[in-house]
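**Q** If you scroll down you'll find the structure; I have some questions about it.
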Amino acid sequence: MLKAALLFILAGIAEIGGGYLIWQWLREGKTWYVGLCGGVILAVYGIIATFQVFSSFGRVYAAYGGVFIVLSIAWGWWIDKKTPDLYDFIGGLICLVGIAVILLPRSGG
């Protein structure tokens with residue numbers, strides 16, 4: 001489970017970081033190579049997910065969606081200096097519970 005958690009976090013940082021660099025390029029006027037770096041990082045994000053131990057693409061990406069939400073809140077807090085409010089924390093907690101439910105072991109698959 002530790003490997004899976006680390007891969008989810010690494011994928012989340014790659015996706016958010018890559019998207020952030022493209023945002024900086026197109027919305028904030030940074031140079032084109034900032035956007036190019038963002039695109040490369042987004043491609044790496046797609047590769048990272050293939051290392052997950054879970055066999056179902058849909059299940060992996062559904063669980064990753066919850067991780068993405070929580071990491072996006074953290075990114076906004078740490079990088080953009082936008083403090084989450086109570087509803088952000090509650091929503092993040094709901095997502096973490098959802099991830100746990102999705103990844104619960106079950107018979108048949």
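Order determines the names: the first chain of the structure tokens is A, the second B, and so forth; residues in each chain are numbered 1 upward, and ligands are numbered 1 upward as they are shown.
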Would you give me, as a tab-separated table, each residue of range 36-62 of chain A having an atom within 7 Å of an atom of range 4-18 of chain A, along with its shortest atom pair and that distance in Å to one decimal, using only C-alpha atoms and sorting by chain and residue number?
**A**
residue	atom	partner	partner_atom	distance
A:Gly38	CA	A:Gly18	CA	3.8
A:Gly39	CA	A:Gly18	CA	6.1
A:Ile41	CA	A:Gly18	CA	5.0
A:Leu42	CA	A:Gly18	CA	5.1
A:Tyr45	CA	A:Ala11	CA	5.0
A:Ile48	CA	A:Ala11	CA	5.8
A:Ala49	CA	A:Ala11	CA	6.5
A:Gln52	CA	A:Ala4	CA	5.9
A:Val53	CA	A:Ala4	CA	6.6
**Q** For those residues, write N, CA and C atoms to a file as a PDB file, in the first residue's frame.
**A**
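The result, stored in again_13.pdb:
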ATOM      1  N   GLY A  38       6.154  22.038 -18.638  1.00  0.00           N
ATOM      2  CA  GLY A  38       4.875  21.582 -18.112  1.00  0.00           C
ATOM      3  C   GLY A  38       4.306  20.435 -18.919  1.00  0.00           C
ATOM      4  N   GLY A  39       4.404  20.526 -20.251  1.00  0.00           N
ATOM      5  CA  GLY A  39       3.914  19.448 -21.103  1.00  0.00           C
ATOM      6  C   GLY A  39       4.682  18.152 -20.898  1.00  0.00           C
ATOM      7  N   ILE A  41       6.271  17.275 -18.164  1.00  0.00           N
ATOM      8  CA  ILE A  41       5.905  16.767 -16.837  1.00  0.00           C
ATOM      9  C   ILE A  41       4.527  16.104 -16.876  1.00  0.00           C
ATOM     10  N   LEU A  42       3.595  16.656 -17.637  1.00  0.00           N
ATOM     11  CA  LEU A  42       2.277  16.019 -17.773  1.00  0.00           C
ATOM     12  C   LEU A  42       2.384  14.657 -18.443  1.00  0.00           C
ATOM     13  N   TYR A  45       3.547  12.270 -15.882  1.00  0.00           N
ATOM     14  CA  TYR A  45       2.423  11.911 -15.005  1.00  0.00           C
ATOM     15  C   TYR A  45       1.679  10.700 -15.564  1.00  0.00           C
ATOM     16  N   ILE A  48       3.694   7.559 -14.883  1.00  0.00           N
ATOM     17  CA  ILE A  48       3.755   7.168 -13.466  1.00  0.00           C
ATOM     18  C   ILE A  48       2.573   6.281 -13.095  1.00  0.00           C
ATOM     19  N   ALA A  49       1.402   6.618 -13.572  1.00  0.00           N
ATOM     20  CA  ALA A  49       0.195   5.854 -13.214  1.00  0.00           C
ATOM     21  C   ALA A  49       0.284   4.392 -13.653  1.00  0.00           C
ATOM     22  N   GLN A  52       1.228   1.593 -11.033  1.00  0.00           N
ATOM     23  CA  GLN A  52       0.361   1.213  -9.924  1.00  0.00           C
ATOM     24  C   GLN A  52       0.185  -0.299  -9.876  1.00  0.00           C
ATOM     25  N   VAL A  53      -0.019  -0.807  -8.674  1.00  0.00           N
ATOM     26  CA  VAL A  53      -0.181  -2.249  -8.474  1.00  0.00           C
ATOM     27  C   VAL A  53      -1.604  -2.718  -8.765  1.00  0.00           C
TER      28      VAL A  53
END
**Q** Which residues are close to Phe89 in chain A, i.e. within 12 Å by only C-alpha atoms, leaving aside same-chain residues fewer than 3 positions away? Reply as a PDB file with N, CA, C and O atoms, in the first residue's frame.
**A**
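Below is the file that was written, selection.pdb:
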ATOM      1  N   ILE A  69      -7.561  15.915  -5.945  1.00  0.00           N
ATOM      2  CA  ILE A  69      -8.312  16.969  -5.266  1.00  0.00           C
ATOM      3  C   ILE A  69      -7.590  17.402  -3.994  1.00  0.00           C
ATOM      4  O   ILE A  69      -7.384  18.596  -3.753  1.00  0.00           O
ATOM      5  N   VAL A  70      -7.179  16.437  -3.180  1.00  0.00           N
ATOM      6  CA  VAL A  70      -6.499  16.757  -1.923  1.00  0.00           C
ATOM      7  C   VAL A  70      -5.171  17.468  -2.199  1.00  0.00           C
ATOM      8  O   VAL A  70      -4.843  18.470  -1.557  1.00  0.00           O
ATOM      9  N   LEU A  71      -4.407  16.966  -3.169  1.00  0.00           N
ATOM     10  CA  LEU A  71      -3.133  17.607  -3.493  1.00  0.00           C
ATOM     11  C   LEU A  71      -3.329  19.000  -4.095  1.00  0.00           C
ATOM     12  O   LEU A  71      -2.503  19.889  -3.879  1.00  0.00           O
ATOM     13  N   SER A  72      -4.410  19.192  -4.831  1.00  0.00           N
ATOM     14  CA  SER A  72      -4.694  20.521  -5.386  1.00  0.00           C
ATOM     15  C   SER A  72      -4.971  21.537  -4.280  1.00  0.00           C
ATOM     16  O   SER A  72      -4.536  22.687  -4.355  1.00  0.00           O
ATOM     17  N   ILE A  73      -5.687  21.107  -3.261  1.00  0.00           N
ATOM     18  CA  ILE A  73      -5.933  21.987  -2.115  1.00  0.00           C
ATOM     19  C   ILE A  73      -4.604  22.327  -1.443  1.00  0.00           C
ATOM     20  O   ILE A  73      -4.330  23.493  -1.122  1.00  0.00           O
ATOM     21  N   ALA A  74      -3.760  21.314  -1.255  1.00  0.00           N
ATOM     22  CA  ALA A  74      -2.448  21.543  -0.633  1.00  0.00           C
ATOM     23  C   ALA A  74      -1.579  22.451  -1.504  1.00  0.00           C
ATOM     24  O   ALA A  74      -0.901  23.349  -0.992  1.00  0.00           O
ATOM     25  N   TRP A  77      -2.542  25.968  -1.157  1.00  0.00           N
ATOM     26  CA  TRP A  77      -2.155  26.466   0.152  1.00  0.00           C
ATOM     27  C   TRP A  77      -0.664  26.786   0.194  1.00  0.00           C
ATOM     28  O   TRP A  77      -0.246  27.860   0.599  1.00  0.00           O
ATOM     29  N   THR A  83      -5.146  30.014   1.638  1.00  0.00           N
ATOM     30  CA  THR A  83      -5.481  29.152   2.765  1.00  0.00           C
ATOM     31  C   THR A  83      -6.837  28.480   2.546  1.00  0.00           C
ATOM     32  O   THR A  83      -7.826  29.163   2.287  1.00  0.00           O
ATOM     33  N   PRO A  84      -6.877  27.141   2.640  1.00  0.00           N
ATOM     34  CA  PRO A  84      -8.157  26.444   2.501  1.00  0.00           C
ATOM     35  C   PRO A  84      -9.097  26.813   3.645  1.00  0.00           C
ATOM     36  O   PRO A  84      -8.656  27.109   4.758  1.00  0.00           O
ATOM     37  N   ASP A  85     -10.392  26.795   3.363  1.00  0.00           N
ATOM     38  CA  ASP A  85     -11.358  27.044   4.425  1.00  0.00           C
ATOM     39  C   ASP A  85     -11.913  25.713   4.923  1.00  0.00           C
ATOM     40  O   ASP A  85     -11.489  24.638   4.484  1.00  0.00           O
ATOM     41  N   LEU A  86     -12.840  25.793   5.839  1.00  0.00           N
ATOM     42  CA  LEU A  86     -13.410  24.593   6.444  1.00  0.00           C
ATOM     43  C   LEU A  86     -14.005  23.663   5.393  1.00  0.00           C
ATOM     44  O   LEU A  86     -13.839  22.440   5.461  1.00  0.00           O
ATOM     45  N   GLY A  92     -11.875  17.622   1.179  1.00  0.00           N
ATOM     46  CA  GLY A  92     -10.681  16.788   1.074  1.00  0.00           C
ATOM     47  C   GLY A  92     -10.816  15.512   1.889  1.00  0.00           C
ATOM     48  O   GLY A  92     -10.441  14.424   1.431  1.00  0.00           O
ATOM     49  N   LEU A  93     -11.374  15.628   3.082  1.00  0.00           N
ATOM     50  CA  LEU A  93     -11.580  14.450   3.923  1.00  0.00           C
ATOM     51  C   LEU A  93     -12.558  13.473   3.264  1.00  0.00           C
ATOM     52  O   LEU A  93     -12.337  12.258   3.262  1.00  0.00           O
ATOM     53  N   ILE A  94     -13.617  14.000   2.687  1.00  0.00           N
ATOM     54  CA  ILE A  94     -14.576  13.146   1.968  1.00  0.00           C
ATOM     55  C   ILE A  94     -13.869  12.413   0.828  1.00  0.00           C
ATOM     56  O   ILE A  94     -14.101  11.218   0.611  1.00  0.00           O
ATOM     57  N   CYS A  95     -12.996  13.102   0.121  1.00  0.00           N
ATOM     58  CA  CYS A  95     -12.251  12.468  -0.971  1.00  0.00           C
ATOM     59  C   CYS A  95     -11.352  11.349  -0.458  1.00  0.00           C
ATOM     60  O   CYS A  95     -11.251  10.289  -1.080  1.00  0.00           O
ATOM     61  N   LEU A  96     -10.691  11.585   0.676  1.00  0.00           N
ATOM     62  CA  LEU A  96      -9.829  10.539   1.233  1.00  0.00           C
ATOM     63  C   LEU A  96     -10.637   9.302   1.618  1.00  0.00           C
ATOM     64  O   LEU A  96     -10.190   8.170   1.393  1.00  0.00           O
TER      65      LEU A  96
END
**Q** Name the residues of range 5-76 of chain A that come out as alpha helix (DSSP H) in a backbone DSSP run; write them as a PyMOL selection string.
**A** chain A and resi 5-28+32-48+57-76
**Q** May I have the residues within 12 Å of Ala62 in chain A as a compact mmCIF listing (two decimals) with N, CA and C atoms, in the first residue's frame, using only C-alpha atoms and disregarding those fewer than 2 positions away in the same chain?
**A**
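Listed below is the output, result_1.txt:
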# COMPACT_ATOMS: atom_id res chain seq x y z
N PHE A 8 0.63 7.52 -6.16
CA PHE A 8 -0.47 8.47 -6.26
C PHE A 8 0.03 9.89 -6.00
N ALA A 49 1.40 6.62 -13.57
CA ALA A 49 0.20 5.85 -13.21
C ALA A 49 0.28 4.39 -13.65
N PHE A 54 -2.54 -1.81 -8.84
CA PHE A 54 -3.93 -2.18 -9.09
C PHE A 54 -4.11 -2.48 -10.57
N SER A 56 -6.95 -2.48 -12.43
CA SER A 56 -8.04 -1.80 -13.13
C SER A 56 -7.71 -0.34 -13.39
N PHE A 57 -7.63 0.02 -14.66
CA PHE A 57 -7.36 1.42 -15.05
C PHE A 57 -8.39 2.35 -14.43
N GLY A 58 -9.65 2.01 -14.56
CA GLY A 58 -10.72 2.87 -14.05
C GLY A 58 -10.64 3.07 -12.56
N ARG A 59 -10.37 1.99 -11.83
CA ARG A 59 -10.28 2.09 -10.37
C ARG A 59 -9.08 2.95 -9.96
N VAL A 60 -7.96 2.76 -10.64
CA VAL A 60 -6.76 3.55 -10.33
C VAL A 60 -7.04 5.03 -10.56
N TYR A 64 -7.24 8.01 -7.94
CA TYR A 64 -6.30 9.11 -8.16
C TYR A 64 -7.03 10.46 -8.20
N GLY A 65 -8.26 10.46 -8.71
CA GLY A 65 -9.03 11.71 -8.74
C GLY A 65 -9.18 12.31 -7.35
N GLY A 66 -9.42 11.47 -6.36
CA GLY A 66 -9.51 11.96 -4.98
C GLY A 66 -8.18 12.49 -4.49
N VAL A 67 -7.10 11.78 -4.82
CA VAL A 67 -5.76 12.24 -4.44
C VAL A 67 -5.49 13.59 -5.09
N PHE A 68 -5.85 13.72 -6.37
CA PHE A 68 -5.64 14.97 -7.09
C PHE A 68 -6.34 16.14 -6.39
N ILE A 69 -7.56 15.92 -5.95
CA ILE A 69 -8.31 16.97 -5.27
C ILE A 69 -7.59 17.40 -3.99
N CYS A 95 -13.00 13.10 0.12
CA CYS A 95 -12.25 12.47 -0.97
C CYS A 95 -11.35 11.35 -0.46
N LEU A 96 -10.69 11.59 0.68
CA LEU A 96 -9.83 10.54 1.23
C LEU A 96 -10.64 9.30 1.62
N GLY A 98 -13.41 8.42 0.16
CA GLY A 98 -13.76 7.83 -1.13
C GLY A 98 -12.64 6.99 -1.71
N ILE A 99 -11.42 7.48 -1.60
CA ILE A 99 -10.26 6.72 -2.08
C ILE A 99 -10.18 5.39 -1.36
N ALA A 100 -10.32 5.42 -0.03
CA ALA A 100 -10.25 4.19 0.75
C ALA A 100 -11.33 3.20 0.33
N VAL A 101 -12.54 3.70 0.10
CA VAL A 101 -13.64 2.81 -0.32
C VAL A 101 -13.34 2.20 -1.68
N ILE A 102 -12.88 3.00 -2.61
CA ILE A 102 -12.58 2.51 -3.96
C ILE A 102 -11.49 1.44 -3.94
N LEU A 103 -10.49 1.63 -3.11
CA LEU A 103 -9.35 0.71 -3.10
C LEU A 103 -9.47 -0.43 -2.11
**Q** Counting only C-alpha atoms, which of A:Ser107, A:Gln24, A:Thr50, A:Ser55 gets nearest to Asp80 in chain A?
**A**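 Of A:Ser107, A:Gln24, A:Thr50, A:Ser55, the one nearest Asp80 in chain A, counting only C-alpha atoms, is A:Gln24.
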**Q** So which residues touch Trp23 in chain A within 12 Å, counting only C-alpha atoms, skipping near sequence neighbours fewer than 2 positions away, as a PyMOL selection string?
**A** chain A and resi 16-21+25-32+34-39
**Q** Between CA of Arg106 in chain A and CA of Tyr61 in chain A, what is the distance, to one decimal in Å?
**A**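 Rounded to one decimal, the two atoms are 17.6 Å apart.
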